[in-house]
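Next comes coords-v7.pdb, with PDB, C-alpha atoms, pLDDT in the B column.
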```pdb
ATOM      1  CA  MET A   1     -15.389  -6.662 -16.935  1.00 58.00           C
ATOM      2  CA  VAL A   2     -15.014  -7.639 -13.283  1.00 62.00           C
ATOM      3  CA  LYS A   3     -12.774 -10.327 -11.846  1.00 62.00           C
ATOM      4  CA  ASN A   4     -13.605 -11.499  -8.337  1.00 63.00           C
ATOM      5  CA  TYR A   5     -10.831 -12.827  -6.111  1.00 62.00           C
ATOM      6  CA  THR A   6     -10.676 -15.119  -3.139  1.00 64.00           C
ATOM      7  CA  ASN A   7      -6.935 -14.594  -2.647  1.00 91.00           C
ATOM      8  CA  THR A   8      -5.954 -13.594   0.899  1.00 95.00           C
ATOM      9  CA  LEU A   9      -2.430 -12.802   2.037  1.00 96.00           C
ATOM     10  CA  GLU A  10      -1.950 -13.484   5.761  1.00 96.00           C
ATOM     11  CA  HIS A  11       1.008 -11.670   7.302  1.00 95.00           C
ATOM     12  CA  PRO A  12       3.053 -13.026  10.233  1.00 94.00           C
ATOM     13  CA  ASP A  13       1.471 -10.444  12.594  1.00 93.00           C
ATOM     14  CA  GLY A  14      -2.048 -11.707  11.714  1.00 94.00           C
ATOM     15  CA  ARG A  15      -3.152  -8.889   9.445  1.00 96.00           C
ATOM     16  CA  THR A  16      -4.636  -9.847   6.106  1.00 97.00           C
ATOM     17  CA  VAL A  17      -4.935  -8.335   2.658  1.00 97.00           C
ATOM     18  CA  THR A  18      -7.747  -9.852   0.594  1.00 97.00           C
ATOM     19  CA  PHE A  19      -8.037  -9.077  -3.100  1.00 96.00           C
ATOM     20  CA  LEU A  20     -11.776  -8.696  -3.652  1.00 96.00           C
ATOM     21  CA  GLU A  21     -12.013  -7.707  -7.289  1.00 94.00           C
ATOM     22  CA  THR A  22     -10.419  -5.928 -10.173  1.00 94.00           C
ATOM     23  CA  GLY A  23     -12.168  -4.562 -13.194  1.00 93.00           C
ATOM     24  CA  VAL A  24     -13.213  -1.674 -15.352  1.00 95.00           C
ATOM     25  CA  ASP A  25     -16.303   0.448 -14.834  1.00 94.00           C
ATOM     26  CA  ASP A  26     -17.465   3.874 -15.995  1.00 94.00           C
ATOM     27  CA  LYS A  27     -14.653   5.461 -13.920  1.00 94.00           C
ATOM     28  CA  GLY A  28     -11.906   3.229 -15.378  1.00 95.00           C
ATOM     29  CA  ASP A  29      -9.659   0.436 -14.070  1.00 96.00           C
ATOM     30  CA  TYR A  30      -9.732  -0.379 -10.364  1.00 97.00           C
ATOM     31  CA  LEU A  31      -8.552  -2.790  -7.684  1.00 97.00           C
ATOM     32  CA  LEU A  32     -10.625  -3.469  -4.567  1.00 97.00           C
ATOM     33  CA  VAL A  33      -8.850  -4.818  -1.480  1.00 97.00           C
ATOM     34  CA  GLU A  34      -9.926  -5.553   2.094  1.00 97.00           C
ATOM     35  CA  HIS A  35      -7.427  -4.904   4.888  1.00 98.00           C
ATOM     36  CA  LYS A  36      -7.847  -6.486   8.325  1.00 98.00           C
ATOM     37  CA  VAL A  37      -5.352  -5.068  10.798  1.00 97.00           C
ATOM     38  CA  LEU A  38      -5.142  -6.154  14.423  1.00 95.00           C
ATOM     39  CA  LYS A  39      -2.357  -3.937  15.777  1.00 94.00           C
ATOM     40  CA  GLN A  40      -2.454  -0.194  16.141  1.00 96.00           C
ATOM     41  CA  GLY A  41       0.189   1.871  14.417  1.00 95.00           C
ATOM     42  CA  ALA A  42       1.446   3.279  11.141  1.00 94.00           C
ATOM     43  CA  MET A  43       0.456   1.304   8.070  1.00 94.00           C
ATOM     44  CA  ASN A  44       2.921   3.107   5.789  1.00 94.00           C
ATOM     45  CA  GLY A  45       5.249   6.087   5.546  1.00 93.00           C
ATOM     46  CA  PRO A  46       4.428   9.451   3.977  1.00 97.00           C
ATOM     47  CA  HIS A  47       4.252   9.156   0.197  1.00 97.00           C
ATOM     48  CA  TRP A  48       2.384  10.343  -2.903  1.00 97.00           C
ATOM     49  CA  HIS A  49       1.215   8.939  -6.227  1.00 97.00           C
ATOM     50  CA  PRO A  50       1.352  10.816  -9.548  1.00 97.00           C
ATOM     51  CA  VAL A  51      -1.839   9.280 -10.987  1.00 96.00           C
ATOM     52  CA  LEU A  52      -3.521   7.000  -8.425  1.00 95.00           C
ATOM     53  CA  THR A  53      -6.622   7.824  -6.434  1.00 98.00           C
ATOM     54  CA  GLU A  54      -7.041   5.738  -3.291  1.00 98.00           C
ATOM     55  CA  SER A  55     -10.313   5.528  -1.399  1.00 98.00           C
ATOM     56  CA  PHE A  56     -10.868   3.857   1.964  1.00 98.00           C
ATOM     57  CA  MET A  57     -14.213   2.871   3.463  1.00 98.00           C
ATOM     58  CA  ILE A  58     -14.051   1.779   7.091  1.00 98.00           C
ATOM     59  CA  LYS A  59     -16.117  -1.313   7.916  1.00 98.00           C
ATOM     60  CA  GLU A  60     -14.846  -1.712  11.496  1.00 98.00           C
ATOM     61  CA  GLY A  61     -12.597   0.464  13.637  1.00 98.00           C
ATOM     62  CA  LYS A  62     -10.900   3.790  12.927  1.00 98.00           C
ATOM     63  CA  MET A  63      -8.046   5.103  10.830  1.00 98.00           C
ATOM     64  CA  LYS A  64      -6.067   8.300  11.143  1.00 98.00           C
ATOM     65  CA  PHE A  65      -4.989   9.938   7.885  1.00 98.00           C
ATOM     66  CA  LEU A  66      -2.523  12.733   7.312  1.00 98.00           C
ATOM     67  CA  VAL A  67      -3.227  14.162   3.841  1.00 98.00           C
ATOM     68  CA  ASP A  68      -1.226  17.186   2.702  1.00 98.00           C
ATOM     69  CA  GLY A  69      -0.566  18.042   6.348  1.00 97.00           C
ATOM     70  CA  LYS A  70      -4.225  17.817   7.429  1.00 98.00           C
ATOM     71  CA  GLU A  71      -5.109  15.152   9.999  1.00 98.00           C
ATOM     72  CA  MET A  72      -8.419  13.324   9.668  1.00 98.00           C
ATOM     73  CA  ILE A  73     -10.016  10.495  11.638  1.00 98.00           C
ATOM     74  CA  VAL A  74     -12.221   8.157   9.597  1.00 98.00           C
ATOM     75  CA  SER A  75     -14.551   5.810  11.491  1.00 98.00           C
ATOM     76  CA  LYS A  76     -16.904   2.936  10.742  1.00 98.00           C
ATOM     77  CA  GLY A  77     -19.161   3.726   7.780  1.00 98.00           C
ATOM     78  CA  GLU A  78     -17.088   6.710   6.660  1.00 98.00           C
ATOM     79  CA  LYS A  79     -15.011   7.106   3.525  1.00 98.00           C
ATOM     80  CA  ILE A  80     -11.987   9.133   2.456  1.00 98.00           C
ATOM     81  CA  SER A  81     -10.397   9.630  -0.959  1.00 98.00           C
ATOM     82  CA  ILE A  82      -6.780  10.576  -1.573  1.00 98.00           C
ATOM     83  CA  HIS A  83      -6.118  12.122  -4.956  1.00 98.00           C
ATOM     84  CA  PRO A  84      -3.022  12.162  -7.175  1.00 98.00           C
ATOM     85  CA  GLN A  85      -0.158  14.310  -5.896  1.00 97.00           C
ATOM     86  CA  GLN A  86      -1.475  14.404  -2.301  1.00 98.00           C
ATOM     87  CA  VAL A  87       1.136  13.410   0.271  1.00 98.00           C
ATOM     88  CA  HIS A  88      -0.487  10.925   2.618  1.00 98.00           C
ATOM     89  CA  GLN A  89       0.114   8.476   5.421  1.00 98.00           C
ATOM     90  CA  PHE A  90      -2.306   6.438   7.508  1.00 97.00           C
ATOM     91  CA  TRP A  91      -2.540   4.574  10.807  1.00 97.00           C
ATOM     92  CA  ASN A  92      -4.791   2.011  12.420  1.00 98.00           C
ATOM     93  CA  ILE A  93      -6.035   3.635  15.627  1.00 98.00           C
ATOM     94  CA  SER A  94      -8.730   1.062  16.370  1.00 97.00           C
ATOM     95  CA  ASP A  95      -9.076  -0.458  19.832  1.00 94.00           C
ATOM     96  CA  ASN A  96     -10.409  -3.790  18.532  1.00 93.00           C
ATOM     97  CA  GLY A  97      -9.000  -4.155  15.031  1.00 95.00           C
ATOM     98  CA  LEU A  98      -9.597  -2.503  11.700  1.00 98.00           C
ATOM     99  CA  ILE A  99     -11.393  -3.665   8.584  1.00 98.00           C
ATOM    100  CA  ALA A 100     -11.096  -1.260   5.654  1.00 98.00           C
ATOM    101  CA  ILE A 101     -12.052  -1.530   2.005  1.00 98.00           C
ATOM    102  CA  HIS A 102      -9.346   0.041  -0.155  1.00 98.00           C
ATOM    103  CA  GLU A 103     -10.038   1.037  -3.751  1.00 98.00           C
ATOM    104  CA  VAL A 104      -7.131   1.933  -6.052  1.00 98.00           C
ATOM    105  CA  ARG A 105      -7.784   3.710  -9.387  1.00 98.00           C
ATOM    106  CA  PRO A 106      -6.016   2.873 -11.644  1.00 97.00           C
ATOM    107  CA  PRO A 107      -4.543  -0.146  -9.845  1.00 96.00           C
ATOM    108  CA  GLY A 108      -1.053   0.217 -11.276  1.00 93.00           C
ATOM    109  CA  GLN A 109       1.362  -2.112  -9.458  1.00 93.00           C
ATOM    110  CA  HIS A 110      -0.536  -2.174  -6.141  1.00 93.00           C
ATOM    111  CA  LYS A 111      -1.440  -5.869  -6.265  1.00 94.00           C
ATOM    112  CA  ARG A 112       2.208  -6.691  -6.922  1.00 93.00           C
ATOM    113  CA  MET A 113       3.266  -4.365  -4.094  1.00 94.00           C
ATOM    114  CA  PHE A 114       0.976  -6.098  -1.577  1.00 96.00           C
ATOM    115  CA  GLU A 115       2.256  -9.498  -2.733  1.00 95.00           C
ATOM    116  CA  LEU A 116       5.905  -8.422  -2.493  1.00 95.00           C
ATOM    117  CA  ILE A 117       5.540  -6.933   1.000  1.00 95.00           C
ATOM    118  CA  HIS A 118       3.781 -10.131   2.110  1.00 95.00           C
ATOM    119  CA  LYS A 119       6.582 -12.273   0.660  1.00 94.00           C
ATOM    120  CA  LEU A 120       9.306 -10.205   2.333  1.00 95.00           C
ATOM    121  CA  GLU A 121       7.553 -10.162   5.724  1.00 94.00           C
ATOM    122  CA  SER A 122       6.807 -13.889   5.575  1.00 95.00           C
ATOM    123  CA  GLU A 123      10.454 -14.636   4.787  1.00 94.00           C
ATOM    124  CA  GLY A 124      11.765 -12.339   7.562  1.00 94.00           C
ATOM    125  CA  LYS A 125      13.349  -9.899   5.098  1.00 94.00           C
ATOM    126  CA  MET A 126      11.933  -6.710   6.649  1.00 93.00           C
ATOM    127  CA  ASN A 127      13.382  -4.707   9.518  1.00 92.00           C
ATOM    128  CA  LYS A 128      11.394  -3.653  12.602  1.00 87.00           C
ATOM    129  CA  LYS A 129      10.228  -0.500  10.791  1.00 86.00           C
ATOM    130  CA  GLY A 130       8.740  -2.550   7.932  1.00 87.00           C
ATOM    131  CA  ILE A 131      11.484  -1.666   5.440  1.00 91.00           C
ATOM    132  CA  PRO A 132      13.214  -4.349   3.346  1.00 95.00           C
ATOM    133  CA  SER A 133      16.642  -5.148   4.817  1.00 93.00           C
ATOM    134  CA  ASN A 134      18.224  -5.903   1.447  1.00 94.00           C
ATOM    135  CA  PRO A 135      18.723  -2.733  -0.657  1.00 95.00           C
ATOM    136  CA  PHE A 136      17.733  -4.567  -3.851  1.00 95.00           C
ATOM    137  CA  TRP A 137      14.413  -5.650  -2.304  1.00 95.00           C
ATOM    138  CA  LEU A 138      13.999  -2.052  -1.104  1.00 95.00           C
ATOM    139  CA  GLY A 139      14.355  -0.877  -4.693  1.00 95.00           C
ATOM    140  CA  MET A 140      11.862  -3.447  -5.934  1.00 94.00           C
ATOM    141  CA  ALA A 141       9.355  -2.476  -3.227  1.00 94.00           C
ATOM    142  CA  TRP A 142       9.762   1.180  -4.185  1.00 94.00           C
ATOM    143  CA  ALA A 143       9.234   0.354  -7.878  1.00 93.00           C
ATOM    144  CA  SER A 144       5.951  -1.411  -7.072  1.00 92.00           C
ATOM    145  CA  MET A 145       4.408   1.449  -5.070  1.00 91.00           C
ATOM    146  CA  ASP A 146       3.483   3.587  -8.088  1.00 94.00           C
ATOM    147  CA  GLY A 147       4.644   6.703  -6.320  1.00 95.00           C
ATOM    148  CA  TYR A 148       7.281   8.528  -4.376  1.00 97.00           C
ATOM    149  CA  ILE A 149       8.393   8.837  -0.784  1.00 96.00           C
ATOM    150  CA  LYS A 150       7.938  12.253   0.793  1.00 96.00           C
ATOM    151  CA  GLY A 151      11.264  13.990   1.151  1.00 94.00           C
ATOM    152  CA  PRO A 152      13.926  12.865  -1.296  1.00 95.00           C
ATOM    153  CA  PRO A 153      13.586  14.578  -4.684  1.00 97.00           C
ATOM    154  CA  LYS A 154      11.796  12.512  -7.322  1.00 96.00           C
ATOM    155  CA  PHE A 155      14.928  12.388  -9.507  1.00 96.00           C
ATOM    156  CA  VAL A 156      17.008  10.971  -6.646  1.00 96.00           C
ATOM    157  CA  GLN A 157      14.404   8.284  -5.958  1.00 96.00           C
ATOM    158  CA  VAL A 158      14.209   7.295  -9.628  1.00 96.00           C
ATOM    159  CA  VAL A 159      17.994   7.009  -9.904  1.00 97.00           C
ATOM    160  CA  LEU A 160      18.676   5.410  -6.499  1.00 96.00           C
ATOM    161  CA  PHE A 161      15.670   3.163  -5.845  1.00 96.00           C
ATOM    162  CA  GLY A 162      14.950   2.540  -9.526  1.00 95.00           C
ATOM    163  CA  GLY A 163      18.589   1.548 -10.016  1.00 95.00           C
ATOM    164  CA  LEU A 164      18.422  -0.822  -7.043  1.00 96.00           C
ATOM    165  CA  ALA A 165      15.261  -2.405  -8.496  1.00 95.00           C
ATOM    166  CA  ARG A 166      16.929  -2.929 -11.879  1.00 94.00           C
ATOM    167  CA  LEU A 167      19.986  -4.480 -10.211  1.00 95.00           C
ATOM    168  CA  GLY A 168      17.751  -6.712  -8.084  1.00 93.00           C
ATOM    169  CA  LYS A 169      16.076  -8.042 -11.215  1.00 92.00           C
ATOM    170  CA  LEU A 170      19.507  -8.611 -12.823  1.00 93.00           C
ATOM    171  CA  PHE A 171      20.530 -10.629  -9.744  1.00 91.00           C
ATOM    172  CA  GLY A 172      17.422 -12.790 -10.133  1.00 91.00           C
ATOM    173  CA  LEU A 173      15.140 -11.369  -7.436  1.00 87.00           C
ATOM    174  CA  SER A 174      11.499 -11.813  -8.327  1.00 80.00           C
ATOM    175  CA  TYR A 175       8.058 -11.974  -6.782  1.00 70.00           C
TER     176      TYR A 175
END
```
Would you write out, as structure tokens, the structure that this file holds?
Amino acid sequence: MVKNYTNTLEHPDGRTVTFLETGVDDKGDYLLVEHKVLKQGAMNGPHWHPVLTESFMIKEGKMKFLVDGKEMIVSKGEKISIHPQQVHQFWNISDNGLIAIHEVRPPGQHKRMFELIHKLESEGKMNKKGIPSNPFWLGMAWASMDGYIKGPPKFVQVVLFGGLARLGKLFGLSY
């Protein structure tokens, strides 16, 4: 079963996230997303996922990846996969914009995460570093990432950020 999308989220800085399809194939559940990024810079902070595999195929431009401490540059036509438990971060290093196809297996909460980040950015609820200003939104963003931030112990993140997410829901925050 495959569901095709035409849903595009346009961020205030001009970058877009387009949901292309979701479905199930011989490898399991997946989500396919296209990212168009105009500005150079970090696209996220260092993090890891317990069960997700993320693959990126570059259609235009270049990305820099740091995966388990190893730096890699991925250019047009090339692909990289990041497996469960691997600490990773990535940057757009393109001179003229980036277009990347991003596959997430299984998709987990990633669609919800992209939608929440878009909502918070569009409403001016993120700081200059791209982190939600409100601690309850921070908790909800963390809960939607299907993983953990590099650094703080997993238990601390579950208690702190997970607790903030639960409180945010109790206070009526939703996306």
(message) What's around A:Met43 at 7 Å? Count all atoms listed in the file, leave out sequence neighbours fewer than 6 positions away in its own chain, and write the answer as a list of chain:residue names.
(response) A:Phe90, A:Trp91, A:Asn92
(message) List as number ranges by chain the protein and nucleic acid residues near A:His35, meaning an atom at most 10 Å away when only C-alpha atoms are counted, but skip any in the same chain fewer than 4 places from it.
(response) A: 8-9, 15-19, 56, 58-59, 98-102
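The shortest atom-to-atom distance to A:Gly147, with only C-alpha atoms taken into account, belongs to A:His110 out of A:Lys79, A:Lys62, A:His110, A:Lys119.
Considering all atoms listed in the file, the residue among A:Trp142, A:Ser122, A:Met113, A:Asn134 positioned nearest to A:Tyr175 is A:Met113.
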Residues near stretch 83-85 of chain A, cut-off 6 Å, all atoms listed in the file, skip fewer than 3 positions along chain, as a PDB file with C-alpha atoms, in the coordinates of the input:
```
ATOM      1  CA  TRP A  48       2.384  10.343  -2.903  1.00 97.00           C
ATOM      2  CA  HIS A  49       1.215   8.939  -6.227  1.00 97.00           C
ATOM      3  CA  PRO A  50       1.352  10.816  -9.548  1.00 97.00           C
ATOM      4  CA  VAL A  51      -1.839   9.280 -10.987  1.00 96.00           C
ATOM      5  CA  LEU A  52      -3.521   7.000  -8.425  1.00 95.00           C
ATOM      6  CA  THR A  53      -6.622   7.824  -6.434  1.00 98.00           C
TER       7      THR A  53
END
```
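Atom pair atom CA of A:Met140 / atom CA of A:Leu20 has a distance of 24.3 Å (rounded to one decimal).
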(message) Since I can't run it myself right now, could you work out what the PyMOL selection byres ((chain A and resi 162) around 12) selects here and report it as a VMD selection string?
(response) chain A and resid 135 to 148 154 to 161 163 to 169
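Coordinates place atom CA of A:Leu31 at a distance of 14.2 Å from atom CA of A:Ser81.
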